[in-house]
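Note sheet for the following structure.
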Amino acid sequence: MATRLLRTNFIRRPYRFSALSPVGQPTVTASTAVVPEILSFGQQAPEPPVHHPKPNEAHNDIDLSDQARLFASVPTSDLLRSTAVLHAAAIGPMVDLGSWVMSSKLMDNAVTRGMVLGLVKSTFYDHFCAGEDADAAAQRVRSVYEATGLKGMLVYGVEHADDAASCDDNMHHFLRTIEAAKSLPTSHFSSVVVKITAICPISLLKRVSDLLRWEYKTKNFKLSWKLKSFPVFSDSSPLYHTNSEPEPLTAEEERELAAAHVRIQDICRKCQESNVPLLVDAEDTILQPAIDYMAYSSAILFNADKDRPIVYNTIQAYLRDAGERLHLAVQEAEKQNVPMGFKLVRGAYMSSEAKLADSLGHKSPVHDTIQNTHDCYNNCMTFLMEKASSGSGFGVVLATHNADSGRLASKKASELSLDKENGKIEFAQLYGMSDALSFGLKRAGFNVSKYMPFGPVETAIPYLVRRAYENRGMMATGATDRHLMRMELKRRLLAGTA
């Protein structure tokens, strides 16, 4: 099997697709844009001063001003460890050193390997991961909910697979994840998460994406294997990955694609039977068309409940075409009378997107400025909240670490008189990050979940390395959490010695 675990040097996104060259010769049509630092799941600019709400705006706002109330449910030992881990993760050279160690020959020696893995498990792993298997993760979800009221999203932390055997094995892990979620009270969890790259070989996803792009470019080009779906491109979508007509899928590739559809459909069916929502994670634009296609075709088959969708696709607001593609997908869902769920994120592959676009002589598909990304996210968020409030069967997961977006959503929910408890709208943050915002949103009455990956330590290491690289920009500027944690630790210390 070829599921990717150690070593972790493969996980550095700028080099990930070096062996997957785009179809056709590159064309130089645009200059390279200056790209800011990596932006993440909760992409944000340097934090403004802590906001102190005025008395007459408290019903609309997220109050992050009282660290004692925000962290009241967190034991001092956990608070101390979280503070230390987040400070370490904010130090760029430390991230570089840790990544080097994990991908070095030190991991080939049993003694040093054991020491490194032990250190990782007791620090970063325990902080960012929920356990070594689905049962342990479900127990962590239960304990987190009982202590804080925050729900859990269960995420089997595998990156990707390259062959059918690995894809089948990963599918069984996803099915086991659904079973673990089903064992929990519905109040404790919100969803499970699947990565299409773990159940369909990446080489095939790239081939399918190339063919979908060429079909969009060439109106008389038809794909006989294509299932009913929603639009995956708009007029502003990046199509430079495919500059000449791709070869048709071989008979073997068509069989592999059919097998991948069976895997995702088995997962969706299990979620439907268990009443467990399924969130499909996003990837780089070189693969995303195939992922969108498979997510939407699955939604058409399994989103039968008009009140609550099962399948959610992910929209990455840092892409310039995100708003247009979202509107097109929503229009088609409404036309086909299909309830649809969307997870809205900012995005995590900024560096690799810029490098690939530059190598092909094109401008990055990512917005030129972080403010443009914020504006796109907030516009998409407002649009989706309005759809969810209309009773049209849409579900929305607002995945953000940005407090301003949280405040805007809270105000919009008040304007729309949204029911915060009905599950149509919820917030999400990564487990181990932005806890102050999570607690603030929860105190404001929203359903809030933590994105909780799990898996054996060695399996999860690629996830942790990738998370460190993708989030180093946010880690370096996410001063609010660290500041509030330090204040709360100081308050508890002084209270204990008073």
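Every chain in the structure tokens takes a letter, A first, then B, and so on in the order presented; its residues are numbered from 1, and the ligands are numbered from 1 following the presented order.
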List the neighbours of region 490-494 of chain A out to 12 Å using only C-alpha atoms; skip same-chain residues closer than 4 positions along the sequence, and give me the result as JSON, numbers by chain.
-> {"A": [66, 67, 68, 69, 71, 72, 74, 75, 76, 77, 79, 80, 83, 483, 484, 485, 486, 498]}
Polymer residues at most 8 Å from Lys343 (chain A), only C-alpha atoms, same-chain spacing of 2 or more positions, as JSON, numbers by chain | {"A": [279, 312, 313, 314, 315, 341, 345, 396, 397, 398, 399]}
Near region 241-249 of chain A, within 12 Å and counting only C-alpha atoms, which residues show up once chain neighbours fewer than 6 positions away are dropped, as a VMD selection string?
-> chain A and resid 17 20 to 28 203 to 218 221 to 226 255 to 258 284 to 289 353 356 to 362 364 to 365
Distance in Å - CA of Pro462 (chain A) versus CA of Pro93 (chain A) |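 Pair CA of Pro462 (chain A) / CA of Pro93 (chain A) returns 18.1 Å.
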Which of region 276-416 of chain A fall in strand (DSSP E), as a compact mmCIF listing (two decimals) with N, CA, C and O atoms, in the first residue's frame:
# COMPACT_ATOMS: atom_id res chain seq x y z
N LEU A 278 -21.28 14.90 6.44
CA LEU A 278 -19.95 14.61 5.89
C LEU A 278 -19.40 15.86 5.22
O LEU A 278 -20.01 16.40 4.31
N LEU A 279 -18.24 16.31 5.66
CA LEU A 279 -17.57 17.48 5.08
C LEU A 279 -16.43 17.02 4.19
O LEU A 279 -15.56 16.28 4.65
N VAL A 280 -16.44 17.45 2.94
CA VAL A 280 -15.38 17.10 1.99
C VAL A 280 -14.33 18.20 2.01
O VAL A 280 -14.62 19.36 1.69
N VAL A 311 -24.05 15.90 2.70
CA VAL A 311 -22.75 16.18 2.07
C VAL A 311 -22.52 17.69 2.01
O VAL A 311 -23.36 18.44 1.49
N TYR A 312 -21.37 18.11 2.51
CA TYR A 312 -20.92 19.50 2.46
C TYR A 312 -19.66 19.58 1.62
O TYR A 312 -18.74 18.79 1.82
N ASN A 313 -19.60 20.52 0.70
CA ASN A 313 -18.36 20.78 -0.02
C ASN A 313 -17.68 22.02 0.57
O ASN A 313 -18.32 22.83 1.26
N THR A 314 -16.39 22.15 0.31
CA THR A 314 -15.60 23.25 0.88
C THR A 314 -15.32 24.30 -0.18
O THR A 314 -14.89 23.99 -1.29
N ILE A 315 -15.54 25.57 0.18
CA ILE A 315 -15.22 26.72 -0.66
C ILE A 315 -14.05 27.46 -0.03
O ILE A 315 -14.10 27.82 1.16
N GLN A 316 -13.00 27.70 -0.81
CA GLN A 316 -11.80 28.38 -0.32
C GLN A 316 -11.84 29.84 -0.77
O GLN A 316 -11.62 30.14 -1.95
N GLY A 341 -24.81 21.54 1.52
CA GLY A 341 -24.03 22.09 2.62
C GLY A 341 -22.71 22.63 2.11
O GLY A 341 -22.12 22.08 1.17
N PHE A 342 -22.26 23.72 2.72
CA PHE A 342 -20.98 24.32 2.35
C PHE A 342 -20.18 24.61 3.60
O PHE A 342 -20.71 25.15 4.58
N LYS A 343 -18.91 24.22 3.56
CA LYS A 343 -17.95 24.66 4.57
C LYS A 343 -17.13 25.78 3.94
O LYS A 343 -16.54 25.60 2.87
N LEU A 344 -17.11 26.91 4.59
CA LEU A 344 -16.39 28.07 4.06
C LEU A 344 -15.10 28.27 4.84
O LEU A 344 -15.11 28.41 6.06
N VAL A 345 -13.97 28.24 4.11
CA VAL A 345 -12.66 28.49 4.71
C VAL A 345 -11.98 29.60 3.92
O VAL A 345 -12.44 29.99 2.85
N GLY A 395 -27.04 24.17 4.47
CA GLY A 395 -26.31 24.13 5.73
C GLY A 395 -24.98 24.83 5.55
O GLY A 395 -24.37 24.76 4.48
N VAL A 396 -24.49 25.49 6.61
CA VAL A 396 -23.29 26.31 6.50
C VAL A 396 -22.37 26.03 7.69
O VAL A 396 -22.81 26.10 8.85
N VAL A 397 -21.11 25.73 7.40
CA VAL A 397 -20.07 25.65 8.42
C VAL A 397 -19.09 26.78 8.15
O VAL A 397 -18.44 26.81 7.10
N LEU A 398 -18.99 27.71 9.06
CA LEU A 398 -18.09 28.86 8.93
C LEU A 398 -16.79 28.53 9.66
O LEU A 398 -16.70 28.68 10.87
N ALA A 399 -15.81 28.06 8.92
CA ALA A 399 -14.53 27.67 9.49
C ALA A 399 -13.61 28.88 9.45
O ALA A 399 -13.14 29.26 8.38
